[in-house]
Amino acid sequence: MPSDPPKPSSSVFTTNPHKIRTSPFYKHVAQTTGPCNLVTTAGQIGIRPDGSVPSDPVEQIQQALTNLSRCLETAGADVRDIMKLTYYIVDFDHTNPRHRAPLLGFLGEHHPVTTLVPVPKLALPEIIFEIEATAAIPQQESERVDVVVVGAGLSGLQAAVDLQKAGLRVKVLEARDRVGGKTWSVPAQGSVCDVGAAWINDTNQSRMFALAQRYALDLIVQNTSGNIIVDDGVGKHKTHPYGELLADADDREDIEDIVRVRNIFEETCQQIDISRPVVSGTALRQDLDNITFEAWVRSLGCRDHALNALTIGARAMLGVEPRDMSALFFLDYCKAGGGYMLMRSDCKDGGQYLRITQGTQSFSRGLAAELAPGSLVLQSPVRCIEQRGGGVRVVSARGTYEASRVIVSVPTPLYREIEFSPPLPAMKMDMAASTRLGDYCKMIVFYKTPWWREQGFCGLTQSCHGPFAVTRDTSVDADGHYSLTCFIVGQPARDWMLLTPPDREKAVLDQIARIFGPFAKVDAKPVEIVEQIWQNEQWSQGCPCPVMGPGMLTKYEDVIRAPAGRVHFVGTETAFEWKGYMEV
């Protein structure tokens, strides 16, 4: 399996003078070696994004350090780049230094110069800790290449590999400290788990399957053996074999309505021309892009069960509510993956058919390994793209590059993080400001055994109530790793993200007990839990694909893929097929 590309080295050197009392917690002198970009932060306090302040002092200190880490990440720096820390502690007690453990955990092996300032109070009465940092980011020498690629996700890396094969000199600038974008495989239970994109198939996702073969990755067929459980949103839990809709006397009309509405949706979806969705869509219904998906479904005379079923689908696929996107946008999105039923399927040809034992980040690592040495720079967010004369100047956190062309491979809403000179066309910037990424979270719960399988369930559940909309069995049996991945998406995710970490965990475990409990004995003692909130990622800010509300596809259909002079744009939203998926 390809290894991770190396992270940039630090230019900060710390030391202690001779004949001076030293401390195991900090150094007395810090200096930089070589040219560097100096970064300073404002004082960071322990306030959460929603404005609340933890009452527990240690939790408040940890929140302040989290906020500082996010400031450094935004600048392209990390802990190793810190030269100086200054922190202020209200009513400091040297016999009970509550800040020490969180701070040492934050700094790890790095011991920068520090100054502790005891104070009687800070700006807000509830704040007991504030910290600010000065950091130095080493700068690479200016370099001229043919093409600069901004972003080392799958789209950007594939573009870079293709360009190098064509004989062009390429530089890839990635803001994160890793490659992969929304593919991210993290260690868990002696194996890895995918906190981002996780599935491919071997038929209509031929490029991803070819990459899996090229990198000798092991494939796992998604488990569909056994029953699924459905919470219908109106008070009933039902179980039936995967792929079947079984009706009884109490809900026959509801099931028939679900099938009727779903069939209309699928039939309409198949009539969309993915190369010209607006022309084909308005030919079916003039106002298809001017109404929300929810309004369109209601216009079909659906019952609550049918709307609930499609709400689960919209949340699971895009992290939004049916009211958040235009009907035409979602129809086109589904047609891009072969249709709603195919995209939702866990079977052969479906969107969730195959997983990767080594994790899907292996695709990005493999592509990165094919690049010429020195072509990739991590922790290098791009600040400015300036077109002048016959070329483009790209300024990043770690250097400046001259190129003939630039390929921007970041989510459309993140265009605002880059200064373009001259500015991007007004329609392009308007589109970037208007589209939104879904509220998308995963909680992966690991168990000693696959207890759901042992009791006749495949692990797939669906719920309109939340916090999670869907669970899937994401075990790697060969590694003795058994897990259920819970997708917390859409409005339930917005509510769930406001909870504290322990309450978020409890809410998910309680729902697992509620949904499986009537039919199976639930293992109440998971061995590990991994949480991923994509809204918290500075360089993603949501997942999986930018969403368009009513009227936007009509307005921006020809803007999405249009270049701006020598600057070109790629990404999952510019794809004609399998938008929101890994197929590149």
# chains A, B, ... in the order shown; residues from 1 in each chain; ligands from 1

$ residues_around --residues "Thr360 in chain A" --least-positions-apart "3" --cutoff "12 Å" --atoms "only C-alpha atoms" --output "number ranges by chain"
A: 1-2, 153-154, 179-186, 192-200, 208-209, 211-212, 215, 217-220, 354-357, 363-367, 581-583

$ write_last_selection --atoms "N, CA and C atoms" --output "compact mmCIF listing (two decimals), in the first residue's frame"
# COMPACT_ATOMS: atom_id res chain seq x y z
N MET A 1 0.85 -1.19 0.00
CA MET A 1 0.00 0.00 0.00
C MET A 1 0.88 1.24 0.00
N PRO A 2 0.61 2.22 -0.87
CA PRO A 2 1.43 3.44 -0.90
C PRO A 2 1.40 4.15 0.45
N GLY A 153 -6.90 16.30 -3.67
CA GLY A 153 -7.91 15.25 -3.61
C GLY A 153 -7.80 14.40 -4.86
N LEU A 154 -8.77 13.53 -5.06
CA LEU A 154 -8.70 12.63 -6.22
C LEU A 154 -8.68 13.38 -7.55
N VAL A 179 -2.87 13.99 1.74
CA VAL A 179 -3.59 13.96 0.48
C VAL A 179 -4.93 13.28 0.69
N GLY A 180 -5.83 13.44 -0.27
CA GLY A 180 -7.07 12.66 -0.22
C GLY A 180 -8.34 13.47 -0.16
N GLY A 181 -8.28 14.72 0.31
CA GLY A 181 -9.51 15.51 0.39
C GLY A 181 -10.55 14.82 1.24
N LYS A 182 -11.70 14.49 0.63
CA LYS A 182 -12.79 13.84 1.37
C LYS A 182 -12.67 12.33 1.38
N THR A 183 -11.52 11.79 0.95
CA THR A 183 -11.18 10.40 1.25
C THR A 183 -10.14 10.44 2.37
N TRP A 184 -10.46 9.78 3.47
CA TRP A 184 -9.59 9.85 4.64
C TRP A 184 -9.73 8.54 5.41
N SER A 185 -8.67 7.78 5.47
CA SER A 185 -8.68 6.48 6.15
C SER A 185 -7.85 6.60 7.43
N VAL A 186 -8.50 6.42 8.57
CA VAL A 186 -7.83 6.63 9.86
C VAL A 186 -7.66 5.29 10.57
N VAL A 192 -8.03 0.05 9.40
CA VAL A 192 -8.38 1.45 9.13
C VAL A 192 -9.88 1.54 8.90
N CYS A 193 -10.41 2.74 9.08
CA CYS A 193 -11.81 2.98 8.74
C CYS A 193 -11.88 4.26 7.92
N ASP A 194 -12.85 4.31 7.03
CA ASP A 194 -13.01 5.46 6.14
C ASP A 194 -14.01 6.42 6.75
N VAL A 195 -13.52 7.60 7.14
CA VAL A 195 -14.42 8.61 7.70
C VAL A 195 -15.00 9.50 6.61
N GLY A 196 -14.54 9.32 5.38
CA GLY A 196 -15.09 10.03 4.23
C GLY A 196 -15.66 9.04 3.24
N ALA A 197 -15.41 9.28 1.95
CA ALA A 197 -15.93 8.40 0.90
C ALA A 197 -15.43 6.97 1.12
N ALA A 198 -16.30 5.99 0.88
CA ALA A 198 -15.95 4.62 1.27
C ALA A 198 -16.25 3.54 0.24
N TRP A 199 -17.06 3.82 -0.79
CA TRP A 199 -17.51 2.75 -1.67
C TRP A 199 -17.22 3.04 -3.15
N ILE A 200 -16.98 1.96 -3.90
CA ILE A 200 -16.89 2.02 -5.36
C ILE A 200 -17.67 0.81 -5.89
N MET A 208 -12.25 3.98 -10.99
CA MET A 208 -11.87 3.65 -9.62
C MET A 208 -11.51 2.18 -9.49
N PHE A 209 -12.24 1.32 -10.19
CA PHE A 209 -11.92 -0.11 -10.15
C PHE A 209 -10.54 -0.35 -10.77
N LEU A 211 -8.05 1.75 -10.76
CA LEU A 211 -7.06 2.19 -9.76
C LEU A 211 -6.90 1.14 -8.66
N ALA A 212 -8.00 0.53 -8.23
CA ALA A 212 -7.92 -0.51 -7.20
C ALA A 212 -7.04 -1.66 -7.67
N TYR A 215 -3.23 -0.52 -7.87
CA TYR A 215 -2.55 -0.43 -6.58
C TYR A 215 -2.71 -1.69 -5.75
N LEU A 217 -5.24 -3.23 -4.40
CA LEU A 217 -6.04 -3.05 -3.20
C LEU A 217 -7.04 -4.20 -3.05
N ASP A 218 -7.30 -4.58 -1.83
CA ASP A 218 -8.23 -5.68 -1.55
C ASP A 218 -9.65 -5.14 -1.45
N LEU A 219 -10.57 -5.81 -2.14
CA LEU A 219 -11.96 -5.36 -2.21
C LEU A 219 -12.85 -6.17 -1.28
N ILE A 220 -13.81 -5.51 -0.66
CA ILE A 220 -14.78 -6.16 0.22
C ILE A 220 -16.17 -5.90 -0.36
N LEU A 354 -18.67 -1.99 -3.22
CA LEU A 354 -17.35 -2.47 -2.83
C LEU A 354 -16.66 -1.49 -1.90
N ARG A 355 -16.02 -2.02 -0.86
CA ARG A 355 -15.16 -1.22 0.00
C ARG A 355 -13.71 -1.68 -0.17
N ILE A 356 -12.80 -0.91 0.40
CA ILE A 356 -11.37 -1.17 0.25
C ILE A 356 -10.79 -1.52 1.62
N THR A 357 -10.17 -2.69 1.74
CA THR A 357 -9.59 -3.11 3.02
C THR A 357 -8.60 -2.08 3.52
N PHE A 363 -6.20 5.33 -2.71
CA PHE A 363 -6.25 5.82 -4.10
C PHE A 363 -5.43 7.10 -4.23
N SER A 364 -5.65 8.03 -3.32
CA SER A 364 -4.92 9.31 -3.39
C SER A 364 -3.44 9.12 -3.10
N ARG A 365 -3.12 8.27 -2.15
CA ARG A 365 -1.71 8.00 -1.86
C ARG A 365 -1.03 7.38 -3.07
N GLY A 366 -1.74 6.49 -3.75
CA GLY A 366 -1.17 5.87 -4.94
C GLY A 366 -0.92 6.87 -6.04
N LEU A 367 -1.88 7.74 -6.30
CA LEU A 367 -1.70 8.77 -7.32
C LEU A 367 -0.56 9.71 -6.94
N TYR A 581 -19.25 11.24 -5.88
CA TYR A 581 -18.58 9.97 -5.64
C TYR A 581 -17.12 10.08 -6.06
N MET A 582 -16.36 9.03 -5.89
CA MET A 582 -14.92 9.08 -6.16
C MET A 582 -14.58 8.94 -7.63
N GLU A 583 -15.44 8.40 -8.42
CA GLU A 583 -15.12 8.16 -9.83
C GLU A 583 -14.55 9.43 -10.46

$ select_by_dssp --residues "range 350-558 of chain A" --states "alpha helix (DSSP H)" --output "ChimeraX atom specification"
/A:361-370,426-434,451-454,490-496,501-516,552-556

$ write_last_selection --atoms "C-alpha atoms" --output "PDB file, in the first residue's frame"
ATOM      1  CA  GLN A 361      -7.305   7.144   0.883  1.00  0.00           C
ATOM      2  CA  SER A 362      -5.037   4.532  -0.724  1.00  0.00           C
ATOM      3  CA  PHE A 363      -6.246   5.821  -4.097  1.00  0.00           C
ATOM      4  CA  SER A 364      -4.923   9.308  -3.386  1.00  0.00           C
ATOM      5  CA  ARG A 365      -1.713   8.001  -1.864  1.00  0.00           C
ATOM      6  CA  GLY A 366      -1.173   5.865  -4.941  1.00  0.00           C
ATOM      7  CA  LEU A 367      -1.704   8.775  -7.321  1.00  0.00           C
ATOM      8  CA  ALA A 368       0.593  10.991  -5.219  1.00  0.00           C
ATOM      9  CA  ALA A 369       3.299   8.325  -5.373  1.00  0.00           C
ATOM     10  CA  GLU A 370       3.181   8.461  -9.186  1.00  0.00           C
ATOM     11  CA  ALA A 426     -19.226  37.766 -11.159  1.00  0.00           C
ATOM     12  CA  MET A 427     -21.372  34.736 -12.010  1.00  0.00           C
ATOM     13  CA  LYS A 428     -18.615  32.367 -10.869  1.00  0.00           C
ATOM     14  CA  MET A 429     -18.254  34.132  -7.519  1.00  0.00           C
ATOM     15  CA  ASP A 430     -22.015  34.371  -7.143  1.00  0.00           C
ATOM     16  CA  MET A 431     -22.223  30.614  -7.670  1.00  0.00           C
ATOM     17  CA  ALA A 432     -19.485  30.006  -5.085  1.00  0.00           C
ATOM     18  CA  ALA A 433     -21.343  32.160  -2.566  1.00  0.00           C
ATOM     19  CA  SER A 434     -24.733  30.576  -3.284  1.00  0.00           C
ATOM     20  CA  TRP A 451     -23.664  -9.180  16.741  1.00  0.00           C
ATOM     21  CA  TRP A 452     -26.206  -7.932  14.160  1.00  0.00           C
ATOM     22  CA  ARG A 453     -25.157 -10.571  11.624  1.00  0.00           C
ATOM     23  CA  GLU A 454     -25.314 -13.275  14.254  1.00  0.00           C
ATOM     24  CA  GLY A 490     -29.099  16.844   7.114  1.00  0.00           C
ATOM     25  CA  GLN A 491     -31.191  18.615   9.761  1.00  0.00           C
ATOM     26  CA  PRO A 492     -30.636  15.909  12.408  1.00  0.00           C
ATOM     27  CA  ALA A 493     -26.884  16.482  11.978  1.00  0.00           C
ATOM     28  CA  ARG A 494     -27.312  20.234  12.504  1.00  0.00           C
ATOM     29  CA  ASP A 495     -29.036  19.518  15.821  1.00  0.00           C
ATOM     30  CA  TRP A 496     -26.642  16.734  16.821  1.00  0.00           C
ATOM     31  CA  PRO A 501     -18.973  15.007  22.475  1.00  0.00           C
ATOM     32  CA  PRO A 502     -20.248  12.661  25.231  1.00  0.00           C
ATOM     33  CA  ASP A 503     -23.864  13.563  24.417  1.00  0.00           C
ATOM     34  CA  ARG A 504     -23.284  13.021  20.692  1.00  0.00           C
ATOM     35  CA  GLU A 505     -21.926   9.558  21.410  1.00  0.00           C
ATOM     36  CA  LYS A 506     -24.802   8.759  23.759  1.00  0.00           C
ATOM     37  CA  ALA A 507     -27.402   9.915  21.207  1.00  0.00           C
ATOM     38  CA  VAL A 508     -26.037   7.539  18.566  1.00  0.00           C
ATOM     39  CA  LEU A 509     -25.700   4.561  20.902  1.00  0.00           C
ATOM     40  CA  ASP A 510     -29.217   5.165  22.213  1.00  0.00           C
ATOM     41  CA  GLN A 511     -30.572   5.176  18.661  1.00  0.00           C
ATOM     42  CA  ILE A 512     -28.757   1.927  17.839  1.00  0.00           C
ATOM     43  CA  ALA A 513     -30.463   0.412  20.889  1.00  0.00           C
ATOM     44  CA  ARG A 514     -33.864   1.827  19.842  1.00  0.00           C
ATOM     45  CA  ILE A 515     -33.722   0.683  16.247  1.00  0.00           C
ATOM     46  CA  PHE A 516     -32.216  -2.780  16.766  1.00  0.00           C
ATOM     47  CA  MET A 552     -29.486  27.911  -9.454  1.00  0.00           C
ATOM     48  CA  LEU A 553     -28.893  25.117 -11.963  1.00  0.00           C
ATOM     49  CA  THR A 554     -30.599  27.195 -14.658  1.00  0.00           C
ATOM     50  CA  LYS A 555     -28.452  30.173 -13.728  1.00  0.00           C
ATOM     51  CA  TYR A 556     -25.118  28.386 -13.368  1.00  0.00           C
TER      52      TYR A 556
END

$ select_by_dssp --residues "range 52-124 of chain A" --states "strand (DSSP E)" --output "PyMOL selection string"
chain A and resi 82-90+113-119

$ atom_distance --atom1 "CA of Leu85 in chain A" --atom2 "CA of Leu72 in chain A"
12.4 Å

$ residues_around --residues "Ile529 in chain A" --least-positions-apart "6" --cutoff "7 Å" --atoms "only C-alpha atoms" --output "MDAnalysis selection string"
chainID A and resid 443:446

$ closest_residue --among "A:Ile128, A:Val29, A:Ala136, A:Ala101" --to "Val12 in chain A" --atoms "only C-alpha atoms"
A:Ala136

$ atom_distance --atom1 "CA of Ala283 in chain A" --atom2 "CA of Leu300 in chain A"
17.7 Å

$ atom_distance --atom1 "CA of Val150 in chain A" --atom2 "CA of Ser409 in chain A"
5.6 Å

$ closest_residue --among "A:Val221, A:Val489, A:Val395, A:Ala295" --to "Asp346 in chain A" --atoms "only C-alpha atoms"
A:Val221

$ residues_around --residues "Asp349 in chain A" --least-positions-apart "2" --cutoff "8 Å" --atoms "only C-alpha atoms" --output "list of chain:residue names"
A:Asn201, A:Asp202, A:Thr203, A:Asn204, A:Leu342, A:Ser345, A:Cys347, A:Gly351, A:Tyr353

$ write_last_selection --atoms "C-alpha atoms" --output "compact mmCIF listing (two decimals), in the first residue's frame"
# COMPACT_ATOMS: atom_id res chain seq x y z
CA ASN A 201 -18.11 -0.63 -7.78
CA ASP A 202 -16.45 -2.67 -10.49
CA THR A 203 -18.81 -1.97 -13.39
CA ASN A 204 -19.96 1.61 -13.95
CA LEU A 342 -28.72 2.47 -8.46
CA SER A 345 -28.06 0.28 -3.91
CA CYS A 347 -25.58 -4.55 -4.63
CA GLY A 351 -23.10 3.07 -5.38
CA TYR A 353 -21.09 -2.23 -3.61

$ closest_residue --among "A:Ile272, A:Thr311, A:Gln358, A:Pro413" --to "Ser3 in chain A" --atoms "only C-alpha atoms"
A:Gln358

$ closest_residue --among "A:Val406, A:Ala478, A:Leu378, A:Val320" --to "Asp78 in chain A" --atoms "only C-alpha atoms"
A:Leu378

$ decode --residues "range 205-216 of chain A" --atoms "N, CA and C atoms" --output "CSV table (one decimal), in the first residue's frame"
chain,number,residue,atom,x,y,z
A,205,GLN,N,-18.2,2.2,-12.4
A,205,GLN,CA,-17.1,3.1,-11.9
A,205,GLN,C,-15.8,2.5,-12.3
A,206,SER,N,-15.6,2.4,-13.6
A,206,SER,CA,-14.5,1.7,-14.1
A,206,SER,C,-13.1,2.3,-13.8
A,207,ARG,N,-13.1,3.6,-13.7
A,207,ARG,CA,-11.8,4.3,-13.4
A,207,ARG,C,-11.3,3.9,-11.9
A,208,MET,N,-12.2,4.0,-11.0
A,208,MET,CA,-11.9,3.7,-9.6
A,208,MET,C,-11.5,2.2,-9.5
A,209,PHE,N,-12.2,1.3,-10.2
A,209,PHE,CA,-11.9,-0.1,-10.1
A,209,PHE,C,-10.5,-0.4,-10.8
A,210,ALA,N,-10.2,0.4,-11.8
A,210,ALA,CA,-8.9,0.2,-12.5
A,210,ALA,C,-7.8,0.7,-11.5
A,211,LEU,N,-8.0,1.7,-10.8
A,211,LEU,CA,-7.1,2.2,-9.8
A,211,LEU,C,-6.9,1.1,-8.7
A,212,ALA,N,-8.0,0.5,-8.2
A,212,ALA,CA,-7.9,-0.5,-7.2
A,212,ALA,C,-7.0,-1.7,-7.7
A,213,GLN,N,-7.2,-2.0,-8.9
A,213,GLN,CA,-6.3,-3.1,-9.5
A,213,GLN,C,-4.9,-2.6,-9.6
A,214,ARG,N,-4.7,-1.4,-10.1
A,214,ARG,CA,-3.3,-0.9,-10.3
A,214,ARG,C,-2.6,-0.9,-9.0
A,215,TYR,N,-3.2,-0.5,-7.9
A,215,TYR,CA,-2.5,-0.4,-6.6
A,215,TYR,C,-2.7,-1.7,-5.7
A,216,ALA,N,-3.2,-2.7,-6.4
A,216,ALA,CA,-3.4,-4.1,-5.7
A,216,ALA,C,-4.1,-4.0,-4.4
